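Here is final-v2.txt, consisting of compact mmCIF, N, CA and C atoms:
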# COMPACT_ATOMS: atom_id res chain seq x y z
N MET J 1406 -80.56 123.59 78.69
CA MET J 1406 -81.37 123.17 79.81
C MET J 1406 -81.47 124.32 80.81
N ALA J 1407 -82.70 124.62 81.24
CA ALA J 1407 -82.92 125.67 82.23
C ALA J 1407 -83.79 125.10 83.35
N ILE J 1408 -83.14 124.63 84.40
CA ILE J 1408 -83.87 124.05 85.52
C ILE J 1408 -84.38 125.19 86.41
N VAL J 1409 -85.70 125.19 86.66
CA VAL J 1409 -86.31 126.21 87.51
C VAL J 1409 -87.17 125.51 88.57
N ASN J 1410 -87.40 126.21 89.63
CA ASN J 1410 -88.27 125.73 90.70
C ASN J 1410 -89.65 126.36 90.48
N LEU J 1411 -90.69 125.56 90.48
CA LEU J 1411 -92.04 126.05 90.19
C LEU J 1411 -92.49 127.11 91.19
N TYR J 1412 -92.19 126.93 92.47
CA TYR J 1412 -92.57 127.91 93.49
C TYR J 1412 -91.84 129.25 93.26
N LYS J 1413 -90.53 129.18 93.01
CA LYS J 1413 -89.76 130.41 92.78
C LYS J 1413 -90.23 131.10 91.51
N GLU J 1414 -90.60 130.33 90.51
CA GLU J 1414 -91.11 130.90 89.27
C GLU J 1414 -92.43 131.65 89.53
N MET J 1415 -93.31 131.04 90.33
CA MET J 1415 -94.57 131.68 90.70
C MET J 1415 -94.31 132.97 91.47
N MET J 1416 -93.42 132.92 92.44
CA MET J 1416 -93.13 134.10 93.25
C MET J 1416 -92.48 135.21 92.41
N ALA J 1417 -91.67 134.84 91.41
CA ALA J 1417 -91.07 135.84 90.51
C ALA J 1417 -92.15 136.53 89.68
N ALA J 1418 -93.19 135.78 89.31
CA ALA J 1418 -94.31 136.38 88.57
C ALA J 1418 -95.12 137.31 89.47
N PHE J 1419 -95.23 136.98 90.75
CA PHE J 1419 -95.96 137.81 91.72
C PHE J 1419 -95.22 139.10 92.09
N LYS J 1420 -93.89 139.02 92.14
CA LYS J 1420 -93.07 140.09 92.72
C LYS J 1420 -93.35 141.50 92.16
N PRO J 1421 -93.42 141.71 90.84
CA PRO J 1421 -93.65 143.08 90.35
C PRO J 1421 -95.00 143.67 90.80
N TYR J 1422 -95.92 142.81 91.20
CA TYR J 1422 -97.26 143.25 91.61
C TYR J 1422 -97.43 143.24 93.12
N LYS J 1423 -96.35 142.92 93.83
CA LYS J 1423 -96.36 142.86 95.30
C LYS J 1423 -97.44 141.90 95.81
N ILE J 1424 -97.57 140.76 95.13
CA ILE J 1424 -98.53 139.72 95.51
C ILE J 1424 -97.77 138.64 96.27
N THR J 1425 -98.40 138.10 97.30
CA THR J 1425 -97.82 137.00 98.06
C THR J 1425 -98.68 135.75 97.87
N GLU J 1426 -98.18 134.63 98.33
CA GLU J 1426 -98.95 133.38 98.19
C GLU J 1426 -100.24 133.42 99.00
N ARG J 1427 -100.31 134.31 99.99
CA ARG J 1427 -101.54 134.44 100.80
C ARG J 1427 -102.70 135.00 99.98
N ALA J 1428 -102.40 135.62 98.83
CA ALA J 1428 -103.44 136.18 97.97
C ALA J 1428 -104.12 135.13 97.09
N ILE J 1429 -103.61 133.90 97.10
CA ILE J 1429 -104.19 132.85 96.27
C ILE J 1429 -105.53 132.42 96.84
N VAL J 1430 -106.56 132.43 95.98
CA VAL J 1430 -107.90 132.01 96.38
C VAL J 1430 -108.13 130.55 96.01
N PHE J 1431 -107.67 130.15 94.82
CA PHE J 1431 -107.73 128.75 94.45
C PHE J 1431 -106.74 128.46 93.34
N VAL J 1432 -106.44 127.17 93.19
CA VAL J 1432 -105.56 126.67 92.14
C VAL J 1432 -106.35 125.60 91.40
N SER J 1433 -106.27 125.62 90.07
CA SER J 1433 -107.01 124.61 89.31
C SER J 1433 -106.21 124.19 88.08
N CYS J 1434 -106.65 123.06 87.51
CA CYS J 1434 -106.10 122.57 86.25
C CYS J 1434 -107.20 121.76 85.57
N SER J 1435 -106.87 121.11 84.49
CA SER J 1435 -107.88 120.40 83.70
C SER J 1435 -108.58 119.29 84.48
N THR J 1436 -107.95 118.79 85.53
CA THR J 1436 -108.57 117.69 86.29
C THR J 1436 -109.34 118.17 87.51
N GLY J 1437 -109.34 119.47 87.78
CA GLY J 1437 -110.12 120.00 88.91
C GLY J 1437 -109.34 120.96 89.79
N ARG J 1438 -109.89 121.19 90.98
CA ARG J 1438 -109.29 122.11 91.94
C ARG J 1438 -108.18 121.41 92.70
N ILE J 1439 -107.11 122.15 92.96
CA ILE J 1439 -105.97 121.63 93.71
C ILE J 1439 -105.93 122.37 95.05
N PRO J 1440 -105.95 121.66 96.17
CA PRO J 1440 -105.84 122.36 97.46
C PRO J 1440 -104.58 123.24 97.48
N ILE J 1441 -104.74 124.48 97.91
CA ILE J 1441 -103.64 125.45 97.86
C ILE J 1441 -102.40 124.93 98.59
N ALA J 1442 -102.59 124.41 99.79
CA ALA J 1442 -101.43 123.92 100.57
C ALA J 1442 -100.71 122.79 99.84
N ASN J 1443 -101.47 121.90 99.20
CA ASN J 1443 -100.86 120.80 98.44
C ASN J 1443 -100.05 121.36 97.26
N PHE J 1444 -100.63 122.33 96.58
CA PHE J 1444 -99.92 122.91 95.44
C PHE J 1444 -98.64 123.60 95.89
N ILE J 1445 -98.72 124.41 96.95
CA ILE J 1445 -97.54 125.13 97.45
C ILE J 1445 -96.44 124.14 97.86
N ASP J 1446 -96.82 123.10 98.60
CA ASP J 1446 -95.83 122.10 99.03
C ASP J 1446 -95.16 121.44 97.83
N PHE J 1447 -95.97 121.05 96.83
CA PHE J 1447 -95.40 120.40 95.66
C PHE J 1447 -94.53 121.38 94.87
N ALA J 1448 -95.03 122.62 94.68
CA ALA J 1448 -94.29 123.62 93.89
C ALA J 1448 -92.92 123.90 94.49
N LYS J 1449 -92.83 123.92 95.82
CA LYS J 1449 -91.54 124.17 96.48
C LYS J 1449 -90.52 123.08 96.18
N SER J 1450 -91.00 121.87 95.92
CA SER J 1450 -90.07 120.76 95.67
C SER J 1450 -89.98 120.41 94.18
N CYS J 1451 -90.67 121.17 93.33
CA CYS J 1451 -90.72 120.83 91.91
C CYS J 1451 -89.69 121.64 91.11
N ASP J 1452 -88.60 121.00 90.76
CA ASP J 1452 -87.60 121.59 89.86
C ASP J 1452 -87.80 120.93 88.51
N TYR J 1453 -87.95 121.74 87.48
CA TYR J 1453 -88.20 121.17 86.16
C TYR J 1453 -87.46 121.97 85.10
N ASP J 1454 -87.33 121.39 83.92
CA ASP J 1454 -86.65 122.02 82.80
C ASP J 1454 -87.68 122.80 81.99
N ASN J 1455 -87.63 124.14 82.04
CA ASN J 1455 -88.62 124.95 81.31
C ASN J 1455 -88.11 125.39 79.95
N ASP J 1456 -86.98 124.84 79.54
CA ASP J 1456 -86.40 125.21 78.26
C ASP J 1456 -87.13 124.49 77.13
N TYR J 1457 -86.71 124.77 75.91
CA TYR J 1457 -87.36 124.19 74.73
C TYR J 1457 -87.38 122.67 74.81
N GLY J 1458 -88.45 122.09 74.36
CA GLY J 1458 -88.65 120.65 74.41
C GLY J 1458 -90.08 120.39 74.81
N CYS J 1459 -90.30 119.39 75.64
CA CYS J 1459 -91.67 119.08 76.05
C CYS J 1459 -92.11 119.99 77.20
N VAL J 1460 -93.43 120.14 77.31
CA VAL J 1460 -94.03 120.94 78.39
C VAL J 1460 -94.21 120.02 79.59
N HIS J 1461 -93.73 120.46 80.78
CA HIS J 1461 -93.79 119.61 81.98
C HIS J 1461 -94.94 119.96 82.90
N ILE J 1462 -95.37 121.22 82.92
CA ILE J 1462 -96.44 121.66 83.83
C ILE J 1462 -97.73 121.75 83.02
N ASP J 1463 -98.81 121.23 83.57
CA ASP J 1463 -100.12 121.23 82.88
C ASP J 1463 -100.42 122.63 82.34
N PRO J 1464 -100.61 122.77 81.03
CA PRO J 1464 -100.87 124.10 80.45
C PRO J 1464 -102.17 124.73 80.92
N THR J 1465 -103.05 123.94 81.55
CA THR J 1465 -104.31 124.51 82.04
C THR J 1465 -104.21 124.98 83.49
N LEU J 1466 -103.02 124.85 84.11
CA LEU J 1466 -102.83 125.28 85.49
C LEU J 1466 -103.14 126.77 85.63
N LYS J 1467 -103.96 127.10 86.62
CA LYS J 1467 -104.27 128.50 86.92
C LYS J 1467 -104.15 128.70 88.42
N ILE J 1468 -103.48 129.79 88.80
CA ILE J 1468 -103.35 130.20 90.19
C ILE J 1468 -104.13 131.50 90.29
N VAL J 1469 -105.24 131.47 91.03
CA VAL J 1469 -106.22 132.55 90.98
C VAL J 1469 -106.33 133.29 92.31
N GLY J 1470 -106.33 134.63 92.22
CA GLY J 1470 -106.58 135.49 93.36
C GLY J 1470 -107.82 136.33 93.08
N ARG J 1471 -108.15 137.24 93.97
CA ARG J 1471 -109.34 138.09 93.77
C ARG J 1471 -109.16 139.05 92.61
N THR J 1472 -107.93 139.52 92.35
CA THR J 1472 -107.71 140.53 91.32
C THR J 1472 -106.79 140.08 90.19
N PHE J 1473 -106.38 138.81 90.20
CA PHE J 1473 -105.41 138.33 89.22
C PHE J 1473 -105.58 136.84 89.00
N TRP J 1474 -104.93 136.35 87.97
CA TRP J 1474 -104.71 134.92 87.82
C TRP J 1474 -103.44 134.71 87.03
N LEU J 1475 -102.71 133.69 87.42
CA LEU J 1475 -101.53 133.26 86.68
C LEU J 1475 -101.95 132.09 85.82
N ALA J 1476 -101.58 132.16 84.56
CA ALA J 1476 -101.84 131.06 83.64
C ALA J 1476 -100.50 130.61 83.07
N ARG J 1477 -100.48 129.45 82.48
CA ARG J 1477 -99.26 128.95 81.86
C ARG J 1477 -99.18 129.45 80.43
N GLY J 1478 -97.98 129.78 80.01
CA GLY J 1478 -97.71 130.14 78.64
C GLY J 1478 -96.59 129.28 78.12
N TRP J 1479 -96.61 128.98 76.85
CA TRP J 1479 -95.53 128.18 76.28
C TRP J 1479 -95.39 128.47 74.80
N TYR J 1480 -94.20 128.27 74.33
CA TYR J 1480 -93.92 128.37 72.90
C TYR J 1480 -92.86 127.34 72.57
N ASP J 1481 -93.20 126.42 71.71
CA ASP J 1481 -92.25 125.40 71.26
C ASP J 1481 -91.61 124.67 72.44
N GLY J 1482 -92.40 124.46 73.48
CA GLY J 1482 -91.90 123.72 74.63
C GLY J 1482 -91.35 124.59 75.75
N ARG J 1483 -90.94 125.82 75.46
CA ARG J 1483 -90.46 126.71 76.54
C ARG J 1483 -91.70 127.21 77.27
N GLU J 1484 -91.69 127.12 78.58
CA GLU J 1484 -92.91 127.43 79.33
C GLU J 1484 -92.65 128.36 80.50
N GLY J 1485 -93.71 128.98 80.98
CA GLY J 1485 -93.63 129.88 82.12
C GLY J 1485 -94.99 130.44 82.46
N PHE J 1486 -95.04 131.35 83.43
CA PHE J 1486 -96.30 131.95 83.86
C PHE J 1486 -96.58 133.25 83.11
N ILE J 1487 -97.85 133.51 82.90
CA ILE J 1487 -98.33 134.79 82.36
C ILE J 1487 -99.26 135.39 83.40
N MET J 1488 -98.97 136.62 83.83
CA MET J 1488 -99.82 137.30 84.81
C MET J 1488 -100.99 137.96 84.10
N ASN J 1489 -102.17 137.75 84.63
CA ASN J 1489 -103.39 138.37 84.12
C ASN J 1489 -104.06 139.12 85.26
N LYS J 1490 -104.46 140.33 85.00
CA LYS J 1490 -105.17 141.13 86.01
C LYS J 1490 -106.63 141.22 85.58
N HIS J 1491 -107.55 141.10 86.54
CA HIS J 1491 -108.96 141.25 86.22
C HIS J 1491 -109.19 142.67 85.71
N PRO J 1492 -109.91 142.82 84.61
CA PRO J 1492 -110.13 144.16 84.08
C PRO J 1492 -111.07 144.97 84.97
N ILE J 1493 -110.92 146.28 84.90
CA ILE J 1493 -111.79 147.19 85.63
C ILE J 1493 -112.85 147.68 84.66
N LYS J 1494 -114.10 147.61 85.06
CA LYS J 1494 -115.20 148.03 84.20
C LYS J 1494 -115.14 149.55 84.00
N PRO J 1495 -115.06 150.00 82.74
CA PRO J 1495 -115.01 151.44 82.47
C PRO J 1495 -116.31 152.12 82.88
N SER J 1496 -116.21 153.37 83.30
CA SER J 1496 -117.41 154.10 83.70
C SER J 1496 -118.19 154.62 82.49
N GLU J 1497 -117.49 154.80 81.37
CA GLU J 1497 -118.16 155.31 80.17
C GLU J 1497 -118.42 154.17 79.19
N GLU J 1498 -119.57 154.27 78.51
CA GLU J 1498 -119.93 153.27 77.51
C GLU J 1498 -119.36 153.68 76.16
N SER J 1499 -118.82 152.74 75.44
CA SER J 1499 -118.29 153.01 74.11
C SER J 1499 -119.48 153.21 73.17
N THR J 1500 -119.45 154.29 72.42
CA THR J 1500 -120.58 154.61 71.54
C THR J 1500 -120.30 154.29 70.09
N GLU J 1501 -119.13 153.78 69.81
CA GLU J 1501 -118.79 153.43 68.45
C GLU J 1501 -118.05 152.11 68.46
N MET J 1502 -117.77 151.58 67.30
CA MET J 1502 -117.07 150.31 67.20
C MET J 1502 -115.57 150.54 67.18
N SER J 1503 -115.07 151.26 68.19
CA SER J 1503 -113.64 151.60 68.25
C SER J 1503 -112.78 150.39 68.57
N TRP J 1504 -113.38 149.31 68.97
CA TRP J 1504 -112.63 148.11 69.34
C TRP J 1504 -112.42 147.18 68.16
N TYR J 1505 -112.84 147.60 66.97
CA TYR J 1505 -112.64 146.79 65.76
C TYR J 1505 -112.01 147.65 64.67
N LYS J 1506 -110.92 147.16 64.07
CA LYS J 1506 -110.29 147.85 62.95
C LYS J 1506 -110.19 146.88 61.79
N GLU J 1507 -110.89 147.19 60.72
CA GLU J 1507 -110.88 146.31 59.56
C GLU J 1507 -109.48 146.14 59.00
N ASP J 1508 -108.66 147.20 59.07
CA ASP J 1508 -107.28 147.13 58.58
C ASP J 1508 -106.33 146.47 59.57
N GLY J 1509 -106.80 146.18 60.76
CA GLY J 1509 -105.98 145.55 61.78
C GLY J 1509 -105.28 146.58 62.65
N TYR J 1510 -104.82 146.13 63.79
CA TYR J 1510 -104.08 146.98 64.71
C TYR J 1510 -102.60 146.86 64.41
N ASN J 1511 -101.97 147.98 64.14
CA ASN J 1511 -100.53 147.97 63.84
C ASN J 1511 -99.70 148.55 64.97
N ASP J 1512 -100.35 149.03 66.01
CA ASP J 1512 -99.63 149.71 67.09
C ASP J 1512 -99.62 148.89 68.39
N ILE J 1513 -99.80 147.60 68.27
CA ILE J 1513 -99.80 146.74 69.46
C ILE J 1513 -98.36 146.40 69.83
N GLU J 1514 -98.05 146.49 71.12
CA GLU J 1514 -96.71 146.12 71.59
C GLU J 1514 -96.53 144.62 71.43
N GLU J 1515 -95.29 144.21 71.23
CA GLU J 1515 -94.99 142.79 71.07
C GLU J 1515 -95.42 142.00 72.29
N GLY J 1516 -96.10 140.90 72.07
CA GLY J 1516 -96.49 140.01 73.15
C GLY J 1516 -97.71 140.49 73.89
N SER J 1517 -98.59 139.60 74.23
CA SER J 1517 -99.79 139.97 74.97
C SER J 1517 -99.64 139.73 76.46
N GLY J 1518 -98.56 139.14 76.86
CA GLY J 1518 -98.30 138.89 78.27
C GLY J 1518 -96.84 138.57 78.46
N LEU J 1519 -96.40 138.61 79.68
CA LEU J 1519 -95.00 138.31 79.96
C LEU J 1519 -94.89 136.92 80.54
N ILE J 1520 -93.89 136.21 80.10
CA ILE J 1520 -93.61 134.91 80.69
C ILE J 1520 -92.45 135.11 81.64
N TYR J 1521 -92.66 134.78 82.91
CA TYR J 1521 -91.63 134.92 83.92
C TYR J 1521 -90.94 133.58 84.09
N TYR J 1522 -89.65 133.58 84.09
CA TYR J 1522 -88.90 132.36 84.34
C TYR J 1522 -87.54 132.74 84.86
N GLU J 1523 -86.93 131.81 85.53
CA GLU J 1523 -85.59 132.03 86.06
C GLU J 1523 -84.59 131.43 85.10
N GLU J 1524 -83.51 132.11 84.87
CA GLU J 1524 -82.42 131.55 84.07
C GLU J 1524 -81.24 131.34 84.99
N LYS J 1525 -80.57 130.24 84.83
CA LYS J 1525 -79.40 129.97 85.67
C LYS J 1525 -78.15 130.03 84.85

Spit out the file's structure as C-alpha cells when you get a sec.
Amino acid sequence: MAIVNLYKEMMAAFKPYKITERAIVFVSCSTGRIPIANFIDFAKSCDYDNDYGCVHIDPTLKIVGRTFWLARGWYDGREGFIMNKHPIKPSEESTEMSWYKEDGYNDIEEGSGLIYYEEK
C-alpha cells in the first residue's frame, strides 16, 4: 500500500520544471471542466492508494497550463502523473520520411514519460 496525497503528487510532478499551481489554466476529465479552485481544494484533502490494484483517480484527468499538461498514467493499477510539454514547431521542414523506420526504432529510451509518485 502506498498512500499519497493528490496535491503533493501534482506538485512533485511540477517541481523539476519549476511550475506552480498558478500556472494551471484549466483542469478537465471525462465529465467536463473542473473549476481550478475546487480541484486544488479537493486534491489537498485527497489521500489515496496509488499502488497496484484498482485505479482511484479518473484516468482522463488533465491539468493543463499554457506550455504543459499533466495526464494520468497507470500500469496494472499503479497510477501517477505524466508530464507533457507542448512541442515547439521546428523552423526547418523535414524533406524525407525520417520519422518512419520500417525496421522499427531500437534506440528509444525506456518509457515515454515519467510517472511521479511519492513513496512512504

query = With only N, CA and C atoms as the basis for distance, which of J:Val1409, J:Met1416, J:Cys1434, J:Ile1424 is at the shortest distance from Asp1463 of chain J?
reply = J:Cys1434

inquiry  = If we count only C-alpha atoms and set the cut-off at 12 Å, which residues sit around segment 1470-1483 of chain J, ignoring sequence neighbours fewer than 6 positions away in its own chain? Please answer as a ChimeraX atom specification.
reply    = /J:1406-1409,1411,1414-1419,1422-1434,1441,1453-1464,1489-1493,1516-1523

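When DSSP is run on the backbone, the residues of segment 1407-1514 of chain J that fall into alpha helix (DSSP H) are Leu1411, Tyr1412, Lys1413, Glu1414, Met1415, Met1416, Ala1417, Ala1418, Phe1419, Ile1441, Ala1442, Asn1443, Phe1444, Ile1445, Asp1446, Phe1447, Ala1448, Lys1449 and Ser1450 of chain J.
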
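Interatomic distance, atom N of Phe1447 of chain J to atom CA of Tyr1412 of chain J: 8.4 Å.
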
request  = Tell me, in Å to one decimal, how far atom C of Ser1496 of chain J is from atom N of Pro1421 of chain J.
outcome  = 29.2 Å

message = Report, in Å to a single decimal, how far apart atom N of Lys1413 of chain J and atom N of Ser1450 of chain J are.
response = 7.9 Å

request  = Name the closest residue to Lys1467 of chain J among the candidates J:Arg1438, J:Ala1448, J:Asn1443, J:Asn1410; distances are taken between atoms, counting only C-alpha atoms.
outcome  = J:Arg1438

Take every atom of segment 1447-1455 of chain J listed in the file, pad by 8 Å on each side, and give me the axis-aligned box centre and edge lengths in Å, one decimal, as AutoDock Vina command-line options.
--center_x -91.3 --center_y 122.9 --center_z 88.4 --size_x 25.3 --size_y 21.0 --size_z 32.9

inquiry  = Considering only strand (DSSP E or B) as DSSP defines it on the backbone, what residues of segment 1417-1511 of chain J qualify? List them as a ChimeraX atom specification.
reply    = /J:1429-1434,1437-1439,1452-1454,1467-1470,1473-1480,1483-1490

Pull N, CA and C atoms from the residues just selected and write them as a compact mmCIF listing (two decimals), in the frame of the given file.
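In the end it all went to out_12.txt:
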# COMPACT_ATOMS: atom_id res chain seq x y z
N ILE J 1429 -103.61 133.90 97.10
CA ILE J 1429 -104.19 132.85 96.27
C ILE J 1429 -105.53 132.42 96.84
N VAL J 1430 -106.56 132.43 95.98
CA VAL J 1430 -107.90 132.01 96.38
C VAL J 1430 -108.13 130.55 96.01
N PHE J 1431 -107.67 130.15 94.82
CA PHE J 1431 -107.73 128.75 94.45
C PHE J 1431 -106.74 128.46 93.34
N VAL J 1432 -106.44 127.17 93.19
CA VAL J 1432 -105.56 126.67 92.14
C VAL J 1432 -106.35 125.60 91.40
N SER J 1433 -106.27 125.62 90.07
CA SER J 1433 -107.01 124.61 89.31
C SER J 1433 -106.21 124.19 88.08
N CYS J 1434 -106.65 123.06 87.51
CA CYS J 1434 -106.10 122.57 86.25
C CYS J 1434 -107.20 121.76 85.57
N GLY J 1437 -109.34 119.47 87.78
CA GLY J 1437 -110.12 120.00 88.91
C GLY J 1437 -109.34 120.96 89.79
N ARG J 1438 -109.89 121.19 90.98
CA ARG J 1438 -109.29 122.11 91.94
C ARG J 1438 -108.18 121.41 92.70
N ILE J 1439 -107.11 122.15 92.96
CA ILE J 1439 -105.97 121.63 93.71
C ILE J 1439 -105.93 122.37 95.05
N ASP J 1452 -88.60 121.00 90.76
CA ASP J 1452 -87.60 121.59 89.86
C ASP J 1452 -87.80 120.93 88.51
N TYR J 1453 -87.95 121.74 87.48
CA TYR J 1453 -88.20 121.17 86.16
C TYR J 1453 -87.46 121.97 85.10
N ASP J 1454 -87.33 121.39 83.92
CA ASP J 1454 -86.65 122.02 82.80
C ASP J 1454 -87.68 122.80 81.99
N LYS J 1467 -103.96 127.10 86.62
CA LYS J 1467 -104.27 128.50 86.92
C LYS J 1467 -104.15 128.70 88.42
N ILE J 1468 -103.48 129.79 88.80
CA ILE J 1468 -103.35 130.20 90.19
C ILE J 1468 -104.13 131.50 90.29
N VAL J 1469 -105.24 131.47 91.03
CA VAL J 1469 -106.22 132.55 90.98
C VAL J 1469 -106.33 133.29 92.31
N GLY J 1470 -106.33 134.63 92.22
CA GLY J 1470 -106.58 135.49 93.36
C GLY J 1470 -107.82 136.33 93.08
N PHE J 1473 -106.38 138.81 90.20
CA PHE J 1473 -105.41 138.33 89.22
C PHE J 1473 -105.58 136.84 89.00
N TRP J 1474 -104.93 136.35 87.97
CA TRP J 1474 -104.71 134.92 87.82
C TRP J 1474 -103.44 134.71 87.03
N LEU J 1475 -102.71 133.69 87.42
CA LEU J 1475 -101.53 133.26 86.68
C LEU J 1475 -101.95 132.09 85.82
N ALA J 1476 -101.58 132.16 84.56
CA ALA J 1476 -101.84 131.06 83.64
C ALA J 1476 -100.50 130.61 83.07
N ARG J 1477 -100.48 129.45 82.48
CA ARG J 1477 -99.26 128.95 81.86
C ARG J 1477 -99.18 129.45 80.43
N GLY J 1478 -97.98 129.78 80.01
CA GLY J 1478 -97.71 130.14 78.64
C GLY J 1478 -96.59 129.28 78.12
N TRP J 1479 -96.61 128.98 76.85
CA TRP J 1479 -95.53 128.18 76.28
C TRP J 1479 -95.39 128.47 74.80
N TYR J 1480 -94.20 128.27 74.33
CA TYR J 1480 -93.92 128.37 72.90
C TYR J 1480 -92.86 127.34 72.57
N ARG J 1483 -90.94 125.82 75.46
CA ARG J 1483 -90.46 126.71 76.54
C ARG J 1483 -91.70 127.21 77.27
N GLU J 1484 -91.69 127.12 78.58
CA GLU J 1484 -92.91 127.43 79.33
C GLU J 1484 -92.65 128.36 80.50
N GLY J 1485 -93.71 128.98 80.98
CA GLY J 1485 -93.63 129.88 82.12
C GLY J 1485 -94.99 130.44 82.46
N PHE J 1486 -95.04 131.35 83.43
CA PHE J 1486 -96.30 131.95 83.86
C PHE J 1486 -96.58 133.25 83.11
N ILE J 1487 -97.85 133.51 82.90
CA ILE J 1487 -98.33 134.79 82.36
C ILE J 1487 -99.26 135.39 83.40
N MET J 1488 -98.97 136.62 83.83
CA MET J 1488 -99.82 137.30 84.81
C MET J 1488 -100.99 137.96 84.10
N ASN J 1489 -102.17 137.75 84.63
CA ASN J 1489 -103.39 138.37 84.12
C ASN J 1489 -104.06 139.12 85.26
N LYS J 1490 -104.46 140.33 85.00
CA LYS J 1490 -105.17 141.13 86.01
C LYS J 1490 -106.63 141.22 85.58
